[in-house]
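Peer 1: Structure provided below as structure tokens; questions to follow.
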Amino acid sequence: MSRPLKIAPSILASNFAKLGQEVADVTEAGADWIHLDVMDGHFVPNISFGPAVIKSLRPHTQAVFDCHLMIAPADPYLEAFADAGCDIITVHAEAGPHLHRSLQTIRALGKKAGVSLNPATPLSHIEHVLDDLDLILIMSVNPGFGGQKFIPAMVEKIAKTNLMIANRPIDLEVDGGITPETAPLVTAAGANALVAGSAIFKGDGVDDYRKTVDTLKKAAEDGRA
Ligand code: DX5
Ligand code: ZN
């Protein structure tokens, strides 16, 4: 089964002084999803933004809001992120002891439920919650910062995840170090949603972003061919 390709620019690498414009520009440039990296300075060693910022961005694009929660605990905040306009809400498998409950809570809020795995976390962690999932996010760097180098061992993990998903309606997303060089490796392994921060937000404005989004799309399609 071939799931549609989705390019998800991470605004973590954008200009925070004009976030609304950045979101509008990257949407016009061809982004499918807007990837929102939420960091708490506790689960990961960095702090980014929360639901109030996301809510303020919602009117600036029609694109899907793909929210990646790098926070622990996540459960007390799920409703706030749903209310802020997130369409997909992804929690980390390592962020709490009750993953199944978190996923059910997200779906009960009417949103798509995702789970993310750090590079060292085995796939067995999620094999019993596949029916409760709409998206699996494989981290190809250690979460917390943009601009890190892709971890090559994640290609095999993506391929195994793809086999595990089989023909279930679950998106397979990869996050960290995605460039025109690494994109075809992960799509060849079965990923269909690609997060990219620094590779897309180099340059400034719609014309620059269109070039980087197009280059990434083409590289990703080459891997799928
Ligand atoms: C890392 C974040 C990523 C990051 C990707 O914690 O989840 O989304 O912004 O950035 P690049 O594409 O620069 O590796
Ligand atoms: Zn992310």
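To be explicit about the labels: the chains of the structure tokens are called A, B, and onward in the order shown, and within each one the residues are counted from 1, while ligands get numbers from 1 in the order they are shown.
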Need to verify the contact set: Val195 in chain A, 12 Å, only C-alpha atoms, exclusion of same-chain residues closer than 5 positions in sequence. Can you return it as an mmCIF file with N, CA and C atoms, in the first residue's frame?

Peer 2:
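What ended up in selection_26.cif:
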```
data_model
loop_
_atom_site.group_PDB
_atom_site.id
_atom_site.type_symbol
_atom_site.label_atom_id
_atom_site.label_comp_id
_atom_site.auth_asym_id
_atom_site.auth_seq_id
_atom_site.Cartn_x
_atom_site.Cartn_y
_atom_site.Cartn_z
ATOM 1 N N LEU A 5 2.647 10.893 0.029
ATOM 2 C CA LEU A 5 3.820 11.602 0.557
ATOM 3 C C LEU A 5 3.391 12.920 1.199
ATOM 4 N N LYS A 6 3.923 13.195 2.383
ATOM 5 C CA LYS A 6 3.629 14.459 3.077
ATOM 6 C C LYS A 6 4.945 15.118 3.485
ATOM 7 N N ILE A 7 5.097 16.384 3.120
ATOM 8 C CA ILE A 7 6.261 17.149 3.559
ATOM 9 C C ILE A 7 5.804 18.048 4.714
ATOM 10 N N ALA A 8 6.511 17.913 5.828
ATOM 11 C CA ALA A 8 6.098 18.599 7.071
ATOM 12 C C ALA A 8 7.222 19.494 7.584
ATOM 13 N N PRO A 9 7.258 20.747 7.131
ATOM 14 C CA PRO A 9 8.291 21.653 7.630
ATOM 15 C C PRO A 9 8.144 21.892 9.137
ATOM 16 N N SER A 10 9.253 21.793 9.854
ATOM 17 C CA SER A 10 9.252 22.098 11.282
ATOM 18 C C SER A 10 9.580 23.563 11.472
ATOM 19 N N ILE A 11 8.616 24.302 12.062
ATOM 20 C CA ILE A 11 8.829 25.742 12.238
ATOM 21 C C ILE A 11 9.854 26.055 13.327
ATOM 22 N N LEU A 12 10.372 25.001 13.972
ATOM 23 C CA LEU A 12 11.443 25.222 14.945
ATOM 24 C C LEU A 12 12.621 25.942 14.294
ATOM 25 N N ALA A 13 12.796 25.710 12.985
ATOM 26 C CA ALA A 13 13.934 26.309 12.277
ATOM 27 C C ALA A 13 13.559 27.628 11.599
ATOM 28 N N ALA A 31 4.035 23.119 1.403
ATOM 29 C CA ALA A 31 4.051 22.217 2.567
ATOM 30 C C ALA A 31 2.698 21.532 2.707
ATOM 31 N N ASP A 32 2.708 20.259 3.082
ATOM 32 C CA ASP A 32 1.457 19.532 3.312
ATOM 33 C C ASP A 32 1.005 19.678 4.757
ATOM 34 N N TRP A 33 1.934 19.495 5.663
ATOM 35 C CA TRP A 33 1.655 19.608 7.093
ATOM 36 C C TRP A 33 2.604 20.661 7.676
ATOM 37 N N ILE A 34 2.172 21.303 8.766
ATOM 38 C CA ILE A 34 3.066 22.160 9.549
ATOM 39 C C ILE A 34 3.439 21.372 10.806
ATOM 40 N N HIS A 35 4.735 21.098 10.968
ATOM 41 C CA HIS A 35 5.208 20.307 12.106
ATOM 42 C C HIS A 35 5.547 21.244 13.261
ATOM 43 N N LEU A 36 4.916 20.996 14.408
ATOM 44 C CA LEU A 36 5.039 21.887 15.568
ATOM 45 C C LEU A 36 5.777 21.158 16.690
ATOM 46 N N ASP A 37 6.997 21.551 16.940
ATOM 47 C CA ASP A 37 7.847 20.890 17.936
ATOM 48 C C ASP A 37 7.702 21.566 19.292
ATOM 49 N N ASP A 66 0.562 19.333 12.611
ATOM 50 C CA ASP A 66 1.160 18.063 13.044
ATOM 51 C C ASP A 66 1.992 18.369 14.290
ATOM 52 N N CYS A 67 1.411 18.076 15.444
ATOM 53 C CA CYS A 67 2.003 18.539 16.704
ATOM 54 C C CYS A 67 2.809 17.430 17.376
ATOM 55 N N HIS A 68 4.082 17.678 17.587
ATOM 56 C CA HIS A 68 5.017 16.712 18.166
ATOM 57 C C HIS A 68 5.339 17.141 19.593
ATOM 58 N N LEU A 137 5.910 8.144 14.539
ATOM 59 C CA LEU A 137 6.996 9.093 14.247
ATOM 60 C C LEU A 137 8.313 8.499 14.737
ATOM 61 N N ILE A 138 9.156 8.134 13.798
ATOM 62 C CA ILE A 138 10.472 7.599 14.151
ATOM 63 C C ILE A 138 11.467 8.757 14.219
ATOM 64 N N MET A 139 12.059 8.954 15.400
ATOM 65 C CA MET A 139 13.082 9.995 15.543
ATOM 66 C C MET A 139 14.387 9.494 14.933
ATOM 67 N N SER A 140 14.915 10.299 14.027
ATOM 68 C CA SER A 140 16.199 9.939 13.402
ATOM 69 C C SER A 140 17.338 10.815 13.937
ATOM 70 N N VAL A 141 17.040 11.570 15.000
ATOM 71 C CA VAL A 141 18.049 12.244 15.837
ATOM 72 C C VAL A 141 17.501 12.147 17.266
ATOM 73 N N GLY A 146 17.083 21.232 16.456
ATOM 74 C CA GLY A 146 17.141 21.110 15.005
ATOM 75 C C GLY A 146 18.600 21.049 14.561
ATOM 76 N N GLY A 147 18.785 20.764 13.282
ATOM 77 C CA GLY A 147 20.120 20.848 12.695
ATOM 78 C C GLY A 147 21.085 19.742 13.079
ATOM 79 N N LEU A 172 3.645 6.861 8.436
ATOM 80 C CA LEU A 172 4.988 6.595 8.976
ATOM 81 C C LEU A 172 5.856 7.825 8.711
ATOM 82 N N GLU A 173 6.128 8.538 9.804
ATOM 83 C CA GLU A 173 6.814 9.830 9.721
ATOM 84 C C GLU A 173 8.232 9.711 10.284
ATOM 85 N N VAL A 174 9.132 10.486 9.715
ATOM 86 C CA VAL A 174 10.529 10.499 10.179
ATOM 87 C C VAL A 174 10.919 11.939 10.469
ATOM 88 N N ASP A 175 11.692 12.122 11.545
ATOM 89 C CA ASP A 175 11.990 13.468 12.045
ATOM 90 C C ASP A 175 13.445 13.555 12.492
ATOM 91 N N GLY A 176 14.197 14.442 11.827
ATOM 92 C CA GLY A 176 15.563 14.729 12.260
ATOM 93 C C GLY A 176 16.593 14.458 11.186
ATOM 94 N N GLY A 177 17.294 15.503 10.778
ATOM 95 C CA GLY A 177 18.378 15.333 9.807
ATOM 96 C C GLY A 177 17.915 14.970 8.412
ATOM 97 N N ILE A 178 16.642 15.327 8.078
ATOM 98 C CA ILE A 178 16.135 15.017 6.726
ATOM 99 C C ILE A 178 16.605 16.113 5.758
ATOM 100 N N THR A 179 17.271 15.668 4.706
ATOM 101 C CA THR A 179 17.824 16.542 3.669
ATOM 102 C C THR A 179 17.540 15.872 2.321
ATOM 103 N N PRO A 180 17.861 16.526 1.214
ATOM 104 C CA PRO A 180 17.700 15.844 -0.083
ATOM 105 C C PRO A 180 18.547 14.571 -0.176
ATOM 106 N N THR A 182 19.198 12.418 2.597
ATOM 107 C CA THR A 182 18.640 11.352 3.442
ATOM 108 C C THR A 182 17.177 11.032 3.098
ATOM 109 N N ALA A 183 16.461 11.976 2.480
ATOM 110 C CA ALA A 183 15.036 11.760 2.183
ATOM 111 C C ALA A 183 14.789 10.480 1.370
ATOM 112 N N VAL A 186 14.904 7.244 3.515
ATOM 113 C CA VAL A 186 13.789 6.943 4.425
ATOM 114 C C VAL A 186 12.504 6.618 3.660
ATOM 115 N N THR A 187 12.301 7.225 2.492
ATOM 116 C CA THR A 187 11.090 6.867 1.735
ATOM 117 C C THR A 187 11.249 5.483 1.110
ATOM 118 N N ILE A 200 14.513 23.075 5.055
ATOM 119 C CA ILE A 200 13.487 23.869 4.374
ATOM 120 C C ILE A 200 13.623 25.356 4.679
ATOM 121 N N PHE A 201 13.909 25.684 5.935
ATOM 122 C CA PHE A 201 13.909 27.102 6.318
ATOM 123 C C PHE A 201 15.256 27.793 6.121
ATOM 124 N N VAL A 213 11.327 23.021 -0.636
ATOM 125 C CA VAL A 213 10.252 22.024 -0.539
ATOM 126 C C VAL A 213 10.247 21.152 -1.795
ATOM 127 N N LEU A 216 13.148 18.680 -1.844
ATOM 128 C CA LEU A 216 12.924 17.586 -0.891
ATOM 129 C C LEU A 216 11.865 16.612 -1.417
ATOM 130 N N LYS A 217 10.783 17.164 -1.994
ATOM 131 C CA LYS A 217 9.720 16.313 -2.552
ATOM 132 C C LYS A 217 10.266 15.407 -3.637
ATOM 133 N N ALA A 220 12.417 12.731 -2.182
ATOM 134 C CA ALA A 220 11.577 11.747 -1.497
ATOM 135 C C ALA A 220 10.870 10.844 -2.508
#
```

Peer 1: List as a count of residues only the protein and nucleic acid residues near Ala188 in chain A, meaning an atom at most 9 Å away when only C-alpha atoms are counted, but skip any in the same chain fewer than 5 places from it.

Peer 2: 9

Peer 1: Any chance you could list, as a list in words, the residues in range 69-146 of chain A that come up helix (DSSP H, G or I) when DSSP is run on the backbone?

Peer 2: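 Residues meeting the helix (DSSP H, G or I) criterion: Asp75, Pro76, Tyr77, Leu78, Glu79, Ala80, Phe81, Ala82, Asp83, Ala93, Glu94, Ala95, Leu99, His100, Arg101, Ser102, Leu103, Gln104, Thr105, Ile106, Arg107, Ala108, Leu123, Ser124, His125, Ile126, Leu130, Asp131 and Asp132 of chain A.
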
Peer 1: Could you check which of A:Asp214, A:Asp83, A:Glu181, A:Asp204 is closest to Gln21 in chain A, using only C-alpha atoms?

Peer 2: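 Counting only C-alpha atoms, the residue closest to Gln21 in chain A is A:Asp204.
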
Peer 1: According to DSSP computed on the backbone, where in chain A is there strand (DSSP E or B)? Give the residues as a ChimeraX atom specification.

Peer 2: /A:6-10,33-40,47,64-70,88-92,112-117,135-139,171-175,193-196

Peer 1: Ranking A:Gly20, A:Pro4, A:Gly41, A:Pro143 by minimum distance to ligand 1 and counting only C-alpha atoms and all ligand atoms, which one comes first?

Peer 2: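 Ranking A:Gly20, A:Pro4, A:Gly41, A:Pro143 by distance to ligand 1, first place goes to A:Pro143.
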
Peer 1: At a cut-off of 7 Å, using only C-alpha atoms, what residues contact Val115 in chain A? Leave out same-chain residues fewer than 6 positions from it and give the result as a list in words.

Peer 2: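 The neighbour list is Thr90, Val91, His92, Ala93, Leu135, Ile136 and Leu137 of chain A.
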